[in-house]
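> First the structure, then my questions, so here it is.
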Amino acid sequence: MAILKNPTVTHKFENFSMNKRVSGNYLHYLTILIVSVVILATPRILLSQGNLNAEVRNTNCPVASHEADRWFFGQNAGLDFRTQNPIADMNNHYLNVPTSPAIMSDSNGNVLLFTDGIKVYDRIGQVMPNGDGLHGFVGYTMPVIIIPKPNSDSVYYIFTTHRPKQNVNDPQTVYGLEYNEVNLNRNGGMGEVTRKNKVLLQPEVSSKLTAVKHSNGVDYWVVAHKFNSNEFCSFRVTSSGVDTNSYVSSSIGTFQAAPGETNNGIGYMKISPNGTKLALAIHGSDVYEIFNFDASTGVISNAITSPATFNEAYGIEFSSDSRYLYGSTTSTSLPQPNYTPPSYLFQFDVSLGNSLFNAGSYDTIAVDTLGSYFGGMQLGSDGRIYVSRSPYGNAALSVIQNPKRPGTACNFTTNATDLQGKKSRFGFPNFVQTYFDLPHFEVENVCYDDMMIFKLQNNSNVDNVSWQFGDPGGNPNSSTDLEPSRRFSGPGSYQVQVTEYYQGIAYGPYTETVLVNELPPVNIGDTVYMYPGSPILLDAGAGYVSYEWSTGENTQVVKIFESGTYYVTVQNDRCCFQVDSAMVIYFDVLVPNAFRPGGVNSIFKAYASSLDAINNFSMYIYNRWGQQIFETGDINLGWDGKVKGVEAPGDVYVWLINYDVERAGRMVKIAYKGNVILLR
């Protein structure tokens, strides 16, 4: 946006009136002229987003993803992850469950609904209408999970599994895989179960449920496993709902069956956060397994099965970068007076491929011989893995502080998170694993010209850091600040690395792609001229998410009736803001109706409120006989009352003025005619 030139006003007027070629009066003209000079002499401000100073906005899109930040589990226990270091959530007055319930929050971490697999509770803990009698089996590992309906902010699906029969003579009715639909817009906004116990798989099924987003980033895969079978079943959830007509079948891996008992139906199953691996524990067979998972097709392939040496394998979880797999072994029986089975916690390196379960290839992270077994594990939105303690419950959780680090450098802590009098049991809430596909660090303010702030996702056991910003044009290109801030040299994609140091050992570097977004190219013009009786339109351009004008309007186009400086702030789909301004100048041309050579008003000329608005100016003077006696193409030059150097007699003369102005993007020719008295 150019800085406007100041029109020069040097003439003083005698008591002569002015021939206004457009509506208005002389005093109005003088006011506009003076105001225009003052405005035009004022430096332009708000030329770009970076100059907003106190008005600088956080230009990150509101991409808060706190759907998995609230946990209800165990004996009325809870965790709240809305701060980087979670705190005990004391709002779970409803769930007292031994294994994995399910809970869903909105993107800001406000609880929407939760369930143990039998009852569905609304956000304040009331059982929803039609929300009792679901067929999840609370006593088994993973009886329930909640899936949002794509492209909906009110509909959720609750998937439930039951248990296998304990033996052929088991009299209890068992159920298979079923789903239920919840509409949060019903019941005055508190929610209602609108479809219940819709069968997807007939009995019997293992008590294992996991889910991840489809590779398209919109849909979901929900994976279950048939009992007395080696068949995985992947169900797709789309904006049309649950696909009940078909599922993706993958028959691979261990045949999960156990005549006379059902412990092979027990054990956790998880898809990696990046959607490429699926792992599970088969409790009765003492094995872990890992497979490839195709998030585009739902197909499970390439089984790697451990030796049957992991006695009572139970828990499974991945690190947030999907590099390491953690497994626990847990007795489902109470400790005996003379014998307490040991409980183990292992780390497996997924990058080792077929050898990851081989002896010597994995690390034993922790051993418990006191009967407070390691149970289920769950990755948190802070990048740490939380370990439940069972069977009696434990008032503190164990935590793997740095799951991305190898071996015991992962820093397992026994009693790390106090539950404030509540207790954990065998499990945590079951979530869509994509929620935990976390970058190693977060970036605030990702628009060009923003001061970008970098913050580690997990700050446990970090003494110091080294950042490399991958921006040779930036200065500086590195930092040792824990939370550095900098501006990048331009929009684009940058590979930013951070290396962490703890007790003299370097970990990393961890690399993330940082996209610096361009600012929206809004342009409402530098100077816009408004003609008397004709308001003008300022147009910020189409396609922006929001518009904020200094007039208070929020539309693409505004109608302006008065001169002045106007601003608009637009926001694009990347949530980047840009400000542009235009100066609206009232345009008028005034012509004296008399002049006196040698007097104060000694030259006859036209006066424009803005010279910049005029193009191709010309003025002609004629005597009473129609003879042309003067001509100029410069508005600053006037007639001095002489003809060929000789003073013309006092008389009435005719003038004609022509010029071009721009209106609504096109040039318009203007022609004015009038009389002037030459006084002697």
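Chains: A, B, ... in order of the structure tokens. Residues: from 1 per chain. Ligands: from 1, in order shown.
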Write out as an MDAnalysis selection string each polymer residue whose atoms come within 12 Å of Pro143 (chain A), counting only C-alpha atoms; drop sequence neighbours fewer than 2 positions from it.

chainID A and resid 97:102 115:118 134:141 145:146 158:164 175:179 205:210 224 265:269 427:431

> To one decimal place, how far is CA of Phe291 (chain A) from CA of Tyr326 (chain A) in Å?

14.7 Å

> Residues near region 562-573 of chain A, anyone? I mean within 8 Å using only C-alpha atoms, not counting same-chain ones fewer than 3 positions away, as a ChimeraX atom specification.

/A:519-520,522,530,535,540,543-551,576-586

> Please list as a list in words every residue within 12 Å of region 624-628 of chain A, counting only C-alpha atoms and excluding residues in the same chain fewer than 3 positions away.

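Selected residues are Met619, Tyr620, Ile621, Glu631, Thr632, Val643, Lys644, Ala648, Pro649, Gly650, Asp651, Val652, Tyr653, Val654, Trp655, Leu656, Asn675, Val676 and Ile677 of chain A.
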
> Could you give me, as a JSON list (two decimals) with C-alpha atoms, in the first residue's frame, the residues within 9 Å of Gly421 (chain A), counting only C-alpha atoms and dropping anything in the same chain fewer than 4 positions from it?


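Saved result, part-v2.json, follows:
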```
[["chain", "number", "residue", "atom", "x", "y", "z"],
["A", 77, "ALA", "CA", -10.52, -42.37, 39.64],
["A", 395, "ALA", "CA", -3.82, -44.78, 44.89],
["A", 396, "ALA", "CA", -1.01, -43.77, 42.53]]
```

> Which of region 268-497 of chain A end up as helix (DSSP H, G or I) when DSSP is run on this backbone - answer as a PyMOL selection string?

chain A and resi 283-285+350-355+407-410+433-436

> Select from region 65-94 of chain A everything DSSP, run on the backbone, classes as strand (DSSP E), then give the selection as a list in words.

Arg70, Trp71, Phe72, Phe73, Ala77, Gly78, Leu79, Asp80, Ile87 and Ala88 of chain A

> Selection from above, C-alpha atoms, as an mmCIF file, in the first residue's frame, can you write it?


```
data_model
loop_
_atom_site.group_PDB
_atom_site.id
_atom_site.type_symbol
_atom_site.label_atom_id
_atom_site.label_comp_id
_atom_site.auth_asym_id
_atom_site.auth_seq_id
_atom_site.Cartn_x
_atom_site.Cartn_y
_atom_site.Cartn_z
ATOM 1 C CA ARG A 70 -10.421 -36.529 30.472
ATOM 2 C CA TRP A 71 -10.126 -40.034 31.932
ATOM 3 C CA PHE A 72 -12.600 -41.827 34.207
ATOM 4 C CA PHE A 73 -11.501 -45.306 35.294
ATOM 5 C CA ALA A 77 -10.518 -42.371 39.638
ATOM 6 C CA GLY A 78 -9.883 -39.721 37.029
ATOM 7 C CA LEU A 79 -7.177 -37.704 35.269
ATOM 8 C CA ASP A 80 -7.343 -34.309 33.584
ATOM 9 C CA ILE A 87 -3.889 -33.745 37.716
ATOM 10 C CA ALA A 88 -6.357 -36.008 39.474
#
```

> Using only C-alpha atoms, which of the listed residues (A:Gln420, A:Thr276, A:Thr413, A:Gln256) sits closest to Met90 (chain A)?

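Counting only C-alpha atoms, the residue closest to Met90 (chain A) is A:Gln420.
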
> Please compute the CA of Asn187 (chain A)-CA of Val155 (chain A) distance, one decimal, in Å.

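So the two atoms, CA of Asn187 (chain A) and CA of Val155 (chain A), lie 13.2 Å apart.
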
> Which is closest to Ser610 (chain A) among A:Thr527, A:Ser319, A:Ser460, A:Asn658, if we use only C-alpha atoms?

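Residue with the minimum atom-to-atom distance to Ser610 (chain A): A:Thr527.
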
> Mind pulling up the distance from CA of Arg236 (chain A) to CA of Val218 (chain A)?

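Between these atoms lies a distance of 10.8 Å.
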
> From the options A:Ile603, A:Leu419, A:Cys410, A:Val589, which residue's atoms come nearest to Arg389 (chain A), counting only C-alpha atoms?

A:Leu419

> For Glu289 (chain A), which of A:Phe357, A:Tyr324, A:Phe346, A:Tyr531 is the closest residue, counting only C-alpha atoms?

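Nearest candidate to Glu289 (chain A) out of A:Phe357, A:Tyr324, A:Phe346, A:Tyr531: A:Phe357.
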